[in-house]
>>> print(open('structure-v1.pdb').read())   # PDB, N, CA and C atoms, pLDDT in the B column
MODEL        1
ATOM      1  N   MET A   1      20.455  11.771 -11.765  1.00 72.00           N
ATOM      2  CA  MET A   1      19.178  11.087 -11.953  1.00 72.00           C
ATOM      3  C   MET A   1      18.343  11.242 -10.674  1.00 72.00           C
ATOM      4  N   PRO A   2      17.101  11.676 -10.780  1.00 81.00           N
ATOM      5  CA  PRO A   2      16.271  11.863  -9.582  1.00 81.00           C
ATOM      6  C   PRO A   2      15.946  10.536  -8.914  1.00 81.00           C
ATOM      7  N   ARG A   3      15.803  10.610  -7.601  1.00 85.00           N
ATOM      8  CA  ARG A   3      15.437   9.413  -6.843  1.00 85.00           C
ATOM      9  C   ARG A   3      13.969   9.089  -7.074  1.00 85.00           C
ATOM     10  N   PRO A   4      13.623   7.815  -7.151  1.00 88.00           N
ATOM     11  CA  PRO A   4      12.212   7.457  -7.330  1.00 88.00           C
ATOM     12  C   PRO A   4      11.410   7.823  -6.090  1.00 88.00           C
ATOM     13  N   PRO A   5      10.148   8.162  -6.261  1.00 92.00           N
ATOM     14  CA  PRO A   5       9.316   8.533  -5.106  1.00 92.00           C
ATOM     15  C   PRO A   5       9.043   7.320  -4.214  1.00 92.00           C
ATOM     16  N   PRO A   6       8.728   7.571  -2.946  1.00 97.00           N
ATOM     17  CA  PRO A   6       8.428   6.454  -2.043  1.00 97.00           C
ATOM     18  C   PRO A   6       7.072   5.829  -2.362  1.00 97.00           C
ATOM     19  N   LEU A   7       6.951   4.580  -1.988  1.00 97.00           N
ATOM     20  CA  LEU A   7       5.705   3.828  -2.180  1.00 97.00           C
ATOM     21  C   LEU A   7       5.209   3.320  -0.831  1.00 97.00           C
ATOM     22  N   PRO A   8       3.914   3.084  -0.704  1.00 98.00           N
ATOM     23  CA  PRO A   8       3.398   2.522   0.547  1.00 98.00           C
ATOM     24  C   PRO A   8       3.904   1.100   0.760  1.00 98.00           C
ATOM     25  N   LEU A   9       4.356   0.840   1.970  1.00 97.00           N
ATOM     26  CA  LEU A   9       4.765  -0.498   2.381  1.00 97.00           C
ATOM     27  C   LEU A   9       3.779  -0.931   3.460  1.00 97.00           C
ATOM     28  N   ILE A  10       3.109  -2.049   3.239  1.00 97.00           N
ATOM     29  CA  ILE A  10       2.041  -2.498   4.136  1.00 97.00           C
ATOM     30  C   ILE A  10       2.560  -3.617   5.026  1.00 97.00           C
ATOM     31  N   ASP A  11       2.453  -3.418   6.327  1.00 97.00           N
ATOM     32  CA  ASP A  11       2.839  -4.415   7.318  1.00 97.00           C
ATOM     33  C   ASP A  11       1.643  -5.357   7.492  1.00 97.00           C
ATOM     34  N   LEU A  12       1.745  -6.554   6.937  1.00 95.00           N
ATOM     35  CA  LEU A  12       0.618  -7.489   6.957  1.00 95.00           C
ATOM     36  C   LEU A  12       0.277  -7.971   8.369  1.00 95.00           C
ATOM     37  N   ASP A  13       1.233  -7.879   9.283  1.00 96.00           N
ATOM     38  CA  ASP A  13       0.953  -8.258  10.663  1.00 96.00           C
ATOM     39  C   ASP A  13       0.068  -7.226  11.363  1.00 96.00           C
ATOM     40  N   ARG A  14       0.120  -5.982  10.908  1.00 97.00           N
ATOM     41  CA  ARG A  14      -0.674  -4.905  11.520  1.00 97.00           C
ATOM     42  C   ARG A  14      -1.956  -4.606  10.744  1.00 97.00           C
ATOM     43  N   CYS A  15      -1.986  -4.909   9.456  1.00 97.00           N
ATOM     44  CA  CYS A  15      -3.142  -4.604   8.614  1.00 97.00           C
ATOM     45  C   CYS A  15      -4.327  -5.493   8.996  1.00 97.00           C
ATOM     46  N   THR A  16      -5.469  -4.850   9.241  1.00 96.00           N
ATOM     47  CA  THR A  16      -6.684  -5.592   9.608  1.00 96.00           C
ATOM     48  C   THR A  16      -7.630  -5.784   8.423  1.00 96.00           C
ATOM     49  N   GLY A  17      -7.309  -5.182   7.281  1.00 96.00           N
ATOM     50  CA  GLY A  17      -8.190  -5.290   6.128  1.00 96.00           C
ATOM     51  C   GLY A  17      -9.420  -4.418   6.237  1.00 96.00           C
ATOM     52  N   CYS A  18      -9.330  -3.328   6.994  1.00 97.00           N
ATOM     53  CA  CYS A  18     -10.501  -2.461   7.199  1.00 97.00           C
ATOM     54  C   CYS A  18     -10.908  -1.725   5.922  1.00 97.00           C
ATOM     55  N   GLY A  19      -9.971  -1.492   5.004  1.00 97.00           N
ATOM     56  CA  GLY A  19     -10.293  -0.867   3.727  1.00 97.00           C
ATOM     57  C   GLY A  19     -10.246   0.649   3.712  1.00 97.00           C
ATOM     58  N   ARG A  20      -9.883   1.267   4.820  1.00 98.00           N
ATOM     59  CA  ARG A  20      -9.830   2.734   4.841  1.00 98.00           C
ATOM     60  C   ARG A  20      -8.813   3.271   3.848  1.00 98.00           C
ATOM     61  N   CYS A  21      -7.674   2.615   3.745  1.00 98.00           N
ATOM     62  CA  CYS A  21      -6.643   3.069   2.807  1.00 98.00           C
ATOM     63  C   CYS A  21      -7.117   2.939   1.360  1.00 98.00           C
ATOM     64  N   VAL A  22      -7.826   1.869   1.079  1.00 98.00           N
ATOM     65  CA  VAL A  22      -8.359   1.653  -0.272  1.00 98.00           C
ATOM     66  C   VAL A  22      -9.346   2.764  -0.626  1.00 98.00           C
ATOM     67  N   ALA A  23     -10.193   3.122   0.316  1.00 98.00           N
ATOM     68  CA  ALA A  23     -11.217   4.140   0.078  1.00 98.00           C
ATOM     69  C   ALA A  23     -10.629   5.521  -0.153  1.00 98.00           C
ATOM     70  N   VAL A  24      -9.509   5.829   0.492  1.00 98.00           N
ATOM     71  CA  VAL A  24      -8.946   7.177   0.417  1.00 98.00           C
ATOM     72  C   VAL A  24      -7.894   7.324  -0.696  1.00 98.00           C
ATOM     73  N   CYS A  25      -7.486   6.260  -1.322  1.00 98.00           N
ATOM     74  CA  CYS A  25      -6.417   6.279  -2.334  1.00 98.00           C
ATOM     75  C   CYS A  25      -6.884   6.986  -3.613  1.00 98.00           C
ATOM     76  N   PRO A  26      -6.341   8.207  -3.909  1.00 97.00           N
ATOM     77  CA  PRO A  26      -6.807   8.950  -5.089  1.00 97.00           C
ATOM     78  C   PRO A  26      -6.605   8.218  -6.422  1.00 97.00           C
ATOM     79  N   PRO A  27      -5.443   7.574  -6.655  1.00 97.00           N
ATOM     80  CA  PRO A  27      -5.290   6.890  -7.942  1.00 97.00           C
ATOM     81  C   PRO A  27      -5.826   5.453  -7.949  1.00 97.00           C
ATOM     82  N   HIS A  28      -6.408   5.016  -6.829  1.00 97.00           N
ATOM     83  CA  HIS A  28      -7.020   3.677  -6.728  1.00 97.00           C
ATOM     84  C   HIS A  28      -6.025   2.566  -7.051  1.00 97.00           C
ATOM     85  N   VAL A  29      -4.849   2.615  -6.426  1.00 98.00           N
ATOM     86  CA  VAL A  29      -3.834   1.584  -6.653  1.00 98.00           C
ATOM     87  C   VAL A  29      -3.731   0.601  -5.492  1.00 98.00           C
ATOM     88  N   LEU A  30      -4.464   0.845  -4.409  1.00 97.00           N
ATOM     89  CA  LEU A  30      -4.520  -0.084  -3.283  1.00 97.00           C
ATOM     90  C   LEU A  30      -5.804  -0.893  -3.368  1.00 97.00           C
ATOM     91  N   TRP A  31      -5.693  -2.176  -3.109  1.00 95.00           N
ATOM     92  CA  TRP A  31      -6.845  -3.074  -3.117  1.00 95.00           C
ATOM     93  C   TRP A  31      -6.822  -3.910  -1.861  1.00 95.00           C
ATOM     94  N   LEU A  32      -7.977  -4.464  -1.516  1.00 96.00           N
ATOM     95  CA  LEU A  32      -8.027  -5.487  -0.473  1.00 96.00           C
ATOM     96  C   LEU A  32      -7.898  -6.837  -1.147  1.00 96.00           C
ATOM     97  N   ASP A  33      -7.104  -7.691  -0.557  1.00 94.00           N
ATOM     98  CA  ASP A  33      -6.829  -8.991  -1.153  1.00 94.00           C
ATOM     99  C   ASP A  33      -6.854 -10.053  -0.061  1.00 94.00           C
ATOM    100  N   THR A  34      -6.963 -11.300  -0.459  1.00 92.00           N
ATOM    101  CA  THR A  34      -6.874 -12.423   0.465  1.00 92.00           C
ATOM    102  C   THR A  34      -5.739 -13.326   0.009  1.00 92.00           C
ATOM    103  N   GLU A  35      -5.334 -14.211   0.886  1.00 84.00           N
ATOM    104  CA  GLU A  35      -4.254 -15.131   0.532  1.00 84.00           C
ATOM    105  C   GLU A  35      -4.766 -16.344  -0.232  1.00 84.00           C
ATOM    106  N   THR A  36      -6.076 -16.510  -0.301  1.00 86.00           N
ATOM    107  CA  THR A  36      -6.631 -17.663  -1.004  1.00 86.00           C
ATOM    108  C   THR A  36      -7.217 -17.230  -2.346  1.00 86.00           C
ATOM    109  N   PRO A  37      -7.149 -18.086  -3.337  1.00 84.00           N
ATOM    110  CA  PRO A  37      -7.705 -17.728  -4.654  1.00 84.00           C
ATOM    111  C   PRO A  37      -9.226 -17.590  -4.660  1.00 84.00           C
ATOM    112  N   THR A  38      -9.902 -18.124  -3.652  1.00 86.00           N
ATOM    113  CA  THR A  38     -11.363 -18.040  -3.602  1.00 86.00           C
ATOM    114  C   THR A  38     -11.843 -16.682  -3.107  1.00 86.00           C
ATOM    115  N   GLY A  39     -10.942 -15.882  -2.523  1.00 83.00           N
ATOM    116  CA  GLY A  39     -11.336 -14.593  -1.979  1.00 83.00           C
ATOM    117  C   GLY A  39     -11.917 -14.693  -0.583  1.00 83.00           C
ATOM    118  N   MET A  40     -11.904 -15.877  -0.026  1.00 89.00           N
ATOM    119  CA  MET A  40     -12.414 -16.076   1.328  1.00 89.00           C
ATOM    120  C   MET A  40     -11.265 -15.942   2.317  1.00 89.00           C
ATOM    121  N   GLY A  41     -11.608 -15.578   3.546  1.00 89.00           N
ATOM    122  CA  GLY A  41     -10.600 -15.484   4.585  1.00 89.00           C
ATOM    123  C   GLY A  41     -10.228 -14.047   4.887  1.00 89.00           C
ATOM    124  N   PRO A  42      -9.246 -13.872   5.755  1.00 92.00           N
ATOM    125  CA  PRO A  42      -8.841 -12.524   6.157  1.00 92.00           C
ATOM    126  C   PRO A  42      -8.342 -11.701   4.973  1.00 92.00           C
ATOM    127  N   LYS A  43      -8.670 -10.431   4.991  1.00 94.00           N
ATOM    128  CA  LYS A  43      -8.247  -9.526   3.926  1.00 94.00           C
ATOM    129  C   LYS A  43      -7.116  -8.642   4.431  1.00 94.00           C
ATOM    130  N   HIS A  44      -6.319  -8.133   3.494  1.00 96.00           N
ATOM    131  CA  HIS A  44      -5.277  -7.165   3.802  1.00 96.00           C
ATOM    132  C   HIS A  44      -5.065  -6.280   2.585  1.00 96.00           C
ATOM    133  N   ALA A  45      -4.544  -5.100   2.829  1.00 97.00           N
ATOM    134  CA  ALA A  45      -4.295  -4.157   1.737  1.00 97.00           C
ATOM    135  C   ALA A  45      -3.057  -4.574   0.945  1.00 97.00           C
ATOM    136  N   VAL A  46      -3.114  -4.322  -0.359  1.00 96.00           N
ATOM    137  CA  VAL A  46      -2.015  -4.638  -1.265  1.00 96.00           C
ATOM    138  C   VAL A  46      -1.871  -3.499  -2.267  1.00 96.00           C
ATOM    139  N   LEU A  47      -0.634  -3.121  -2.542  1.00 97.00           N
ATOM    140  CA  LEU A  47      -0.359  -2.143  -3.591  1.00 97.00           C
ATOM    141  C   LEU A  47      -0.303  -2.903  -4.912  1.00 97.00           C
ATOM    142  N   HIS A  48      -1.353  -2.785  -5.730  1.00 94.00           N
ATOM    143  CA  HIS A  48      -1.445  -3.548  -6.972  1.00 94.00           C
ATOM    144  C   HIS A  48      -0.835  -2.839  -8.172  1.00 94.00           C
ATOM    145  N   ASN A  49      -0.651  -1.537  -8.088  1.00 96.00           N
ATOM    146  CA  ASN A  49      -0.123  -0.812  -9.240  1.00 96.00           C
ATOM    147  C   ASN A  49       0.905   0.222  -8.768  1.00 96.00           C
ATOM    148  N   PRO A  50       2.131  -0.216  -8.468  1.00 95.00           N
ATOM    149  CA  PRO A  50       3.143   0.718  -7.979  1.00 95.00           C
ATOM    150  C   PRO A  50       3.403   1.888  -8.934  1.00 95.00           C
ATOM    151  N   ALA A  51       3.365   1.641 -10.224  1.00 95.00           N
ATOM    152  CA  ALA A  51       3.629   2.705 -11.203  1.00 95.00           C
ATOM    153  C   ALA A  51       2.571   3.800 -11.153  1.00 95.00           C
ATOM    154  N   GLY A  52       1.359   3.464 -10.727  1.00 97.00           N
ATOM    155  CA  GLY A  52       0.279   4.446 -10.662  1.00 97.00           C
ATOM    156  C   GLY A  52       0.224   5.221  -9.356  1.00 97.00           C
ATOM    157  N   CYS A  53       1.032   4.830  -8.375  1.00 97.00           N
ATOM    158  CA  CYS A  53       1.025   5.490  -7.071  1.00 97.00           C
ATOM    159  C   CYS A  53       1.608   6.893  -7.192  1.00 97.00           C
ATOM    160  N   THR A  54       0.930   7.868  -6.600  1.00 96.00           N
ATOM    161  CA  THR A  54       1.385   9.262  -6.649  1.00 96.00           C
ATOM    162  C   THR A  54       2.197   9.649  -5.411  1.00 96.00           C
ATOM    163  N   SER A  55       2.401   8.725  -4.492  1.00 97.00           N
ATOM    164  CA  SER A  55       3.152   8.962  -3.253  1.00 97.00           C
ATOM    165  C   SER A  55       2.515  10.042  -2.386  1.00 97.00           C
ATOM    166  N   CYS A  56       1.207  10.157  -2.438  1.00 97.00           N
ATOM    167  CA  CYS A  56       0.506  11.189  -1.672  1.00 97.00           C
ATOM    168  C   CYS A  56       0.492  10.897  -0.177  1.00 97.00           C
ATOM    169  N   ALA A  57       0.652   9.632   0.200  1.00 97.00           N
ATOM    170  CA  ALA A  57       0.678   9.172   1.594  1.00 97.00           C
ATOM    171  C   ALA A  57      -0.670   9.303   2.305  1.00 97.00           C
ATOM    172  N   GLU A  58      -1.755   9.477   1.577  1.00 98.00           N
ATOM    173  CA  GLU A  58      -3.085   9.514   2.199  1.00 98.00           C
ATOM    174  C   GLU A  58      -3.367   8.201   2.931  1.00 98.00           C
ATOM    175  N   CYS A  59      -2.877   7.095   2.396  1.00 98.00           N
ATOM    176  CA  CYS A  59      -3.077   5.791   3.027  1.00 98.00           C
ATOM    177  C   CYS A  59      -2.388   5.724   4.388  1.00 98.00           C
ATOM    178  N   VAL A  60      -1.201   6.302   4.488  1.00 98.00           N
ATOM    179  CA  VAL A  60      -0.461   6.325   5.748  1.00 98.00           C
ATOM    180  C   VAL A  60      -1.227   7.148   6.783  1.00 98.00           C
ATOM    181  N   ILE A  61      -1.733   8.291   6.357  1.00 98.00           N
ATOM    182  CA  ILE A  61      -2.435   9.204   7.251  1.00 98.00           C
ATOM    183  C   ILE A  61      -3.726   8.579   7.791  1.00 98.00           C
ATOM    184  N   ILE A  62      -4.475   7.875   6.949  1.00 98.00           N
ATOM    185  CA  ILE A  62      -5.788   7.353   7.329  1.00 98.00           C
ATOM    186  C   ILE A  62      -5.711   6.055   8.139  1.00 98.00           C
ATOM    187  N   CYS A  63      -4.626   5.306   8.029  1.00 98.00           N
ATOM    188  CA  CYS A  63      -4.543   3.993   8.687  1.00 98.00           C
ATOM    189  C   CYS A  63      -4.466   4.139  10.205  1.00 98.00           C
ATOM    190  N   PRO A  64      -5.490   3.650  10.938  1.00 98.00           N
ATOM    191  CA  PRO A  64      -5.486   3.774  12.395  1.00 98.00           C
ATOM    192  C   PRO A  64      -4.616   2.723  13.082  1.00 98.00           C
ATOM    193  N   PHE A  65      -4.071   1.792  12.325  1.00 98.00           N
ATOM    194  CA  PHE A  65      -3.295   0.688  12.890  1.00 98.00           C
ATOM    195  C   PHE A  65      -1.796   0.823  12.631  1.00 98.00           C
ATOM    196  N   ASP A  66      -1.374   1.957  12.057  1.00 98.00           N
ATOM    197  CA  ASP A  66       0.041   2.179  11.714  1.00 98.00           C
ATOM    198  C   ASP A  66       0.604   1.012  10.908  1.00 98.00           C
ATOM    199  N   ALA A  67      -0.189   0.520   9.980  1.00 98.00           N
ATOM    200  CA  ALA A  67       0.218  -0.625   9.175  1.00 98.00           C
ATOM    201  C   ALA A  67       0.885  -0.215   7.864  1.00 98.00           C
ATOM    202  N   ILE A  68       0.890   1.083   7.549  1.00 98.00           N
ATOM    203  CA  ILE A  68       1.439   1.539   6.267  1.00 98.00           C
ATOM    204  C   ILE A  68       2.495   2.599   6.525  1.00 98.00           C
ATOM    205  N   SER A  69       3.615   2.448   5.847  1.00 98.00           N
ATOM    206  CA  SER A  69       4.669   3.459   5.880  1.00 98.00           C
ATOM    207  C   SER A  69       5.120   3.698   4.446  1.00 98.00           C
ATOM    208  N   MET A  70       5.729   4.830   4.216  1.00 98.00           N
ATOM    209  CA  MET A  70       6.235   5.137   2.876  1.00 98.00           C
ATOM    210  C   MET A  70       7.720   4.774   2.827  1.00 98.00           C
ATOM    211  N   LYS A  71       8.094   3.967   1.862  1.00 96.00           N
ATOM    212  CA  LYS A  71       9.486   3.528   1.690  1.00 96.00           C
ATOM    213  C   LYS A  71       9.932   3.847   0.280  1.00 96.00           C
ATOM    214  N   ARG A  72      11.120   4.404   0.196  1.00 90.00           N
ATOM    215  CA  ARG A  72      11.695   4.726  -1.102  1.00 90.00           C
ATOM    216  C   ARG A  72      12.112   3.430  -1.793  1.00 90.00           C
ATOM    217  N   ARG A  73      11.675   3.262  -3.006  1.00 76.00           N
ATOM    218  CA  ARG A  73      12.034   2.070  -3.770  1.00 76.00           C
ATOM    219  C   ARG A  73      13.431   2.242  -4.362  1.00 76.00           C
ATOM    220  N   GLN A  74      14.034   1.146  -4.675  1.00 70.00           N
ATOM    221  CA  GLN A  74      15.354   1.162  -5.288  1.00 70.00           C
ATOM    222  C   GLN A  74      15.216   1.529  -6.763  1.00 70.00           C
ATOM    223  N   SER A  75      16.120   2.381  -7.231  1.00 57.00           N
ATOM    224  CA  SER A  75      16.089   2.706  -8.656  1.00 57.00           C
ATOM    225  C   SER A  75      16.609   1.505  -9.438  1.00 57.00           C
ATOM    226  N   SER A  76      16.205   1.385 -10.664  1.00 54.00           N
ATOM    227  CA  SER A  76      16.582   0.223 -11.473  1.00 54.00           C
ATOM    228  C   SER A  76      18.050   0.249 -11.870  1.00 54.00           C
ATOM    229  N   ASN A  77      18.719   1.387 -11.687  1.00 51.00           N
ATOM    230  CA  ASN A  77      20.129   1.490 -12.054  1.00 51.00           C
ATOM    231  C   ASN A  77      21.068   1.201 -10.903  1.00 51.00           C
ATOM    232  N   SER A  78      20.577   0.931  -9.701  1.00 44.00           N
ATOM    233  CA  SER A  78      21.477   0.727  -8.581  1.00 44.00           C
ATOM    234  C   SER A  78      21.669  -0.725  -8.243  1.00 44.00           C
TER     235      SER A  78
ENDMDL
END
>>> encode(input="structure-v1.pdb", output="structure tokens")
Amino acid sequence: MPRPPPLPLIDLDRCTGCGRCVAVCPPHVLWLDTETPTGMGPKHAVLHNPAGCTSCAECVIICPFDAISMKRRQSSNS
């Protein structure tokens, strides 16, 4: 069985919410989000659709804060 592709892992301590990763994401699966339901306050990137991620790593390349790394997800059979 093939290993699942890696997904972006966002370090919330390093993410400034600049939105560069969101802008460069080809399948548009990264969004800026806040911790409050009102949408006010500091923003950070979130992977909202893991199944739609193509593992292109464009987000990792564009992030100037080294806040994103690619991590292989666990397969559902392990």
>>> select_by_dssp(input="structure-v1.pdb", residues="range 14-66 of chain A", states="alpha helix (DSSP H)", output="PyMOL selection string")
chain A and resi 20-24+58-62
>>> closest_residue(input="structure-v1.pdb", among="A:Cys56, A:Ile62, A:Ile68, A:Leu9", to="Pro26 in chain A", atoms="all atoms listed in the file")
A:Cys56
>>> residues_around(input="structure-v1.pdb", residues="Cys53 in chain A", least_positions_apart="5", cutoff="8 Å", atoms="only N, CA and C atoms", output="MDAnalysis selection string")
chainID A and resid 6:8 27:30 48
>>> select_by_dssp(input="structure-v1.pdb", residues="range 2-62 of chain A", states="strand (DSSP E or B)", output="list in words")
Pro6, Leu7, Pro8, Leu9, Ile10, Leu30, Trp31, Leu32, Asp33, Thr34, Lys43, His44, Ala45, Val46 and Leu47 of chain A
>>> write_last_selection(input="structure-v1.pdb", atoms="N, CA and C atoms", output="JSON list (two decimals), keeping the file's coordinate frame")
[["chain", "number", "residue", "atom", "x", "y", "z"],
["A", 6, "PRO", "N", 8.73, 7.57, -2.95],
["A", 6, "PRO", "CA", 8.43, 6.45, -2.04],
["A", 6, "PRO", "C", 7.07, 5.83, -2.36],
["A", 7, "LEU", "N", 6.95, 4.58, -1.99],
["A", 7, "LEU", "CA", 5.70, 3.83, -2.18],
["A", 7, "LEU", "C", 5.21, 3.32, -0.83],
["A", 8, "PRO", "N", 3.91, 3.08, -0.70],
["A", 8, "PRO", "CA", 3.40, 2.52, 0.55],
["A", 8, "PRO", "C", 3.90, 1.10, 0.76],
["A", 9, "LEU", "N", 4.36, 0.84, 1.97],
["A", 9, "LEU", "CA", 4.76, -0.50, 2.38],
["A", 9, "LEU", "C", 3.78, -0.93, 3.46],
["A", 10, "ILE", "N", 3.11, -2.05, 3.24],
["A", 10, "ILE", "CA", 2.04, -2.50, 4.14],
["A", 10, "ILE", "C", 2.56, -3.62, 5.03],
["A", 30, "LEU", "N", -4.46, 0.84, -4.41],
["A", 30, "LEU", "CA", -4.52, -0.08, -3.28],
["A", 30, "LEU", "C", -5.80, -0.89, -3.37],
["A", 31, "TRP", "N", -5.69, -2.18, -3.11],
["A", 31, "TRP", "CA", -6.84, -3.07, -3.12],
["A", 31, "TRP", "C", -6.82, -3.91, -1.86],
["A", 32, "LEU", "N", -7.98, -4.46, -1.52],
["A", 32, "LEU", "CA", -8.03, -5.49, -0.47],
["A", 32, "LEU", "C", -7.90, -6.84, -1.15],
["A", 33, "ASP", "N", -7.10, -7.69, -0.56],
["A", 33, "ASP", "CA", -6.83, -8.99, -1.15],
["A", 33, "ASP", "C", -6.85, -10.05, -0.06],
["A", 34, "THR", "N", -6.96, -11.30, -0.46],
["A", 34, "THR", "CA", -6.87, -12.42, 0.46],
["A", 34, "THR", "C", -5.74, -13.33, 0.01],
["A", 43, "LYS", "N", -8.67, -10.43, 4.99],
["A", 43, "LYS", "CA", -8.25, -9.53, 3.93],
["A", 43, "LYS", "C", -7.12, -8.64, 4.43],
["A", 44, "HIS", "N", -6.32, -8.13, 3.49],
["A", 44, "HIS", "CA", -5.28, -7.16, 3.80],
["A", 44, "HIS", "C", -5.07, -6.28, 2.58],
["A", 45, "ALA", "N", -4.54, -5.10, 2.83],
["A", 45, "ALA", "CA", -4.30, -4.16, 1.74],
["A", 45, "ALA", "C", -3.06, -4.57, 0.94],
["A", 46, "VAL", "N", -3.11, -4.32, -0.36],
["A", 46, "VAL", "CA", -2.02, -4.64, -1.26],
["A", 46, "VAL", "C", -1.87, -3.50, -2.27],
["A", 47, "LEU", "N", -0.63, -3.12, -2.54],
["A", 47, "LEU", "CA", -0.36, -2.14, -3.59],
["A", 47, "LEU", "C", -0.30, -2.90, -4.91]]
>>> residues_near_point(input="structure-v1.pdb", point="(-4.9, 2.5, 10.1)", cutoff="8 Å", atoms="all atoms listed in the file", output="ChimeraX atom specification")
/A:14-16,18,20-21,59-68
>>> closest_residue(input="structure-v1.pdb", among="A:Ala57, A:Leu12, A:Val24, A:Ala51", to="Ser69 in chain A", atoms="only C-alpha atoms")
A:Ala57
>>> closest_residue(input="structure-v1.pdb", among="A:Met1, A:Met70, A:Cys25, A:Ile10", to="Leu47 in chain A", atoms="only N, CA and C atoms")
A:Ile10
